[in-house]
Structure formats: structure tokens, C-alpha cells
Amino acid sequence: MKRKILVFFVGVSLISFSLFGDEARRGEKLFQEEKFKESSEAFLNAEIDEPSQLEHAYNRGVTELRNKNYESATEAFTKASQSKDEGLKKDSLFNLGHALYGKGALEDSLKAFDEYLKIDPKSKEAEENKSWIEKKIKEQKEKQDQKKDSEENKDKKDKQDEQDKQDQKKDSEENKDQKDKQDQKKDSEENKDQKDKQDQKEDSEENKDQKDKQDQKEDSEENKDKKEEEKPNKGESSSKDKEEQEKKATKDEIERLLRTIDNMQKVYGVPPKVPQQEKKLNKDW
């Protein structure tokens with residue numbers, strides 16, 4: 001039998017058995033033509049026809065691996081690795097490690113190469129692949145740690161940002177409260193000033209009213225005094241008016257009497273004149 005095993009960056013070959021059935025030979029031919037899907041189906045048919053021949057599962061695994069169908073390749077190599085044939089078992093474990101690596105299961109891939117090295121501890125290819133996978137696991141772990149640190153830092157930053165926002169909000173509220181208090185104090189002082197001015201204005205008006213009343217009272221008293229002082233004059237003026245009225249009445253009566261005499265003279269004639277007697281002087285000396 002001639003067969004080749006997979007090494008990273010090394011080609012993959014089939015186990016060729018010319019004495020196998022038609023499906024196995026058809027699968028090998030299709031593999032050479034790089035018709036991997038049809039080749040895998042042919043090897044699967046060969047497995048069904050000859051279930052005890054685990055070489056068919058191995059070849060199907062190689063076909064799926066070349067087709068980069070790592071899940072199916074993992075299943076096929078796992079089945080083939082159960083073979084009691086040490087060579088087939090060892091080759092299946094080697095390529096199982098590759099399939100697991102391809103699907104991203106690095107820890108399982110490392111275990112597959114460890115199992116391989118138990119059978120062939122001197123294999124340089126297996127050691128190289130194991131070292132390669134260990135390197136990738138370390139890089140992956142570092143990335144995970146970086147991602148974790150980044151997430152933790154992000155969480156810390158988010159928490160710090162949230163705390164800063166809360167502190168800013170708190171400071172803003174405190175500043176607002178202080179401003180409100182200052183505004184209230186300012187308003188209170190302004191209101192007090194306005195009230196004081198209003199009170200002063202009212203006091204001034206009251207004082208003015210009181211002064212006006214006082215002035216009016218004083219004027220009233222002065223007028224009263226003047227009136228009292230003017231009363232005698234008024235009396236004199238009244239006496240004069242009375243005298244004038246009496247004079248006027250006497251004059252009117254005289255005129256009325258003269259008119260009466262005149263009328264009588266017209267009716268009865270002029271009375272004779274009586275000679276006036278001379279008054280003798282009364283000499284007491």
C-alpha cells in the first residue's frame with residue numbers, strides 16, 4: 001500500500017488500493033480530477049459497500065479536507081482513527097489534527113497531535129505542527145486577554161464616564177441651586193430695596209400730606225385771625241353803608257314830598273306867602 005499523510009503546507013494524498021471495489025476506484029479518479037464533492041460521495045458509497053474497510057473513511061476525510069469541508073473531514077478522520085492498523089490510525093490522527101485546526105478547534109487539534117506523538121514520538125512533522133498550534137493558541141489567548149482587558153477598560157471607562165456624567169450633573173444641579181439661591185437673594189434684596197423705596201415714598205407722601213395739612217391748618221388759623229382782625233372794619237363799613245342808605249332814603253322821601261307838594265299846588269293853587277318874622281336875638285348879656 002502506498003499512502004501519504006497531511007503535513008501543514010504539504011499536499012494530501014489518498015490511500016490507493018487497486019483491489020477495492022468500483023466505487024473506491026471511481027472516487028480516486030474523481031479526486032485526481034479535483035471533483036472533490038463527487039469523489040467524497042463515491043468513497044461514502046464504498047464505505048457502505050465495505051464497512052469494515054476504514055481506509056474508505058480516511059480517503060473520504062482527505063477529499064473533504066481538500067474541499068475545505070472541515071466538519072465532514074473531522075467526522076471521517078475520527079472514524080478512521082479507530083482502526084487497529086497502527087499506520088492508518090496514526091495517519092488519521094495527523095489529518096484529524098489538521099481538520100480540527102481548520103475548523104478553529106485549536107485545543108482539540110493539539111490533543112490529536114499529542115495522540116499522534118504517542119504513536120510516533122520522533123515525528124518532526126508532528127512536532128512542528130504541534131508547535132505551530134501552540135503558538136496559535138498563545139496568540140489566541142493573548143488576543144482574548146487583550147479583548148478582555150479592552151472590554152474591562154471599556155467597562156471601566158464607561159463606568160467612569162457615567163460617574164463623570166453623574167458628577168457633572170450633580171455639580172450642575174448644585175451650581176443651579178447656588179445660582180437659584182443667589183438669584184433669590186438678589187431678588188429679595190431688590191424687593192427689599194423696592195419696598196424701602198416704596199416705604200420712603202409713602203413716608204414722604206405722608207409727611208407731605210401732614211405738612212400740607214399743617215400748612216392748611218396754619219393758613220386757616222391765620223385767615224381766622226385776619227378775619228377776627230377784620231371784623232371791626234367790617235362793622236365800620238356796615239355802619240357807613242347804613243348811613244348812606246339812610247341818607248339815600250331821606251333824599252328819596254324829600255323828593256317824594258316835593259313831588260307831592262308840587263302836585264298839590266297844581267290842584268289847589270299856590271298858597272299865599274306868609275311873611276317871615278324876624279327873630280329877635282336873645283341876649284342874655
# chains A, B, ... in the order shown; residues from 1 in each chain; ligands from 1
>>> residues_around(residues="A:Leu44", least_positions_apart="4", cutoff="9 Å", atoms="only C-alpha atoms", output="MDAnalysis selection string")
chainID A and resid 23:24 27 39:40 48:49 56:57 60
>>> write_last_selection(atoms="N, CA and C atoms", output="PDB file, in the first residue's frame")
ATOM      1  N   GLU A  23     -16.506   1.676  -6.638  1.00  0.00           N
ATOM      2  CA  GLU A  23     -16.769   2.995  -6.041  1.00  0.00           C
ATOM      3  C   GLU A  23     -15.486   3.620  -5.500  1.00  0.00           C
ATOM      4  N   ALA A  24     -14.623   2.784  -4.911  1.00  0.00           N
ATOM      5  CA  ALA A  24     -13.360   3.291  -4.385  1.00  0.00           C
ATOM      6  C   ALA A  24     -12.479   3.784  -5.522  1.00  0.00           C
ATOM      7  N   GLY A  27     -13.909   6.962  -6.906  1.00  0.00           N
ATOM      8  CA  GLY A  27     -13.619   8.072  -6.012  1.00  0.00           C
ATOM      9  C   GLY A  27     -12.201   8.577  -6.172  1.00  0.00           C
ATOM     10  N   SER A  39     -16.121  12.866  -5.553  1.00  0.00           N
ATOM     11  CA  SER A  39     -15.181  11.893  -5.011  1.00  0.00           C
ATOM     12  C   SER A  39     -15.598  11.466  -3.610  1.00  0.00           C
ATOM     13  N   SER A  40     -15.990  12.429  -2.774  1.00  0.00           N
ATOM     14  CA  SER A  40     -16.420  12.131  -1.414  1.00  0.00           C
ATOM     15  C   SER A  40     -17.648  11.223  -1.424  1.00  0.00           C
ATOM     16  N   ILE A  48     -20.143   2.163   2.509  1.00  0.00           N
ATOM     17  CA  ILE A  48     -21.381   1.402   2.689  1.00  0.00           C
ATOM     18  C   ILE A  48     -21.211  -0.018   2.172  1.00  0.00           C
ATOM     19  N   ASP A  49     -20.518  -0.112   1.019  1.00  0.00           N
ATOM     20  CA  ASP A  49     -20.312  -1.444   0.434  1.00  0.00           C
ATOM     21  C   ASP A  49     -19.344  -2.277   1.272  1.00  0.00           C
ATOM     22  N   HIS A  56     -11.653   3.617   3.427  1.00  0.00           N
ATOM     23  CA  HIS A  56     -12.605   4.428   2.656  1.00  0.00           C
ATOM     24  C   HIS A  56     -12.972   5.715   3.431  1.00  0.00           C
ATOM     25  N   ALA A  57     -13.119   5.577   4.758  1.00  0.00           N
ATOM     26  CA  ALA A  57     -13.426   6.755   5.586  1.00  0.00           C
ATOM     27  C   ALA A  57     -12.249   7.727   5.571  1.00  0.00           C
ATOM     28  N   ARG A  60     -12.252   9.490   2.235  1.00  0.00           N
ATOM     29  CA  ARG A  60     -13.341  10.486   2.238  1.00  0.00           C
ATOM     30  C   ARG A  60     -12.924  11.711   3.044  1.00  0.00           C
TER      31      ARG A  60
END
>>> closest_residue(among="A:Lys29, A:Lys89, A:Lys251, A:Lys84", to="A:Thr63", atoms="only C-alpha atoms")
A:Lys29
>>> closest_residue(among="A:Glu218, A:Glu205, A:Glu64, A:Glu47", to="A:Glu34", atoms="only C-alpha atoms")
A:Glu64
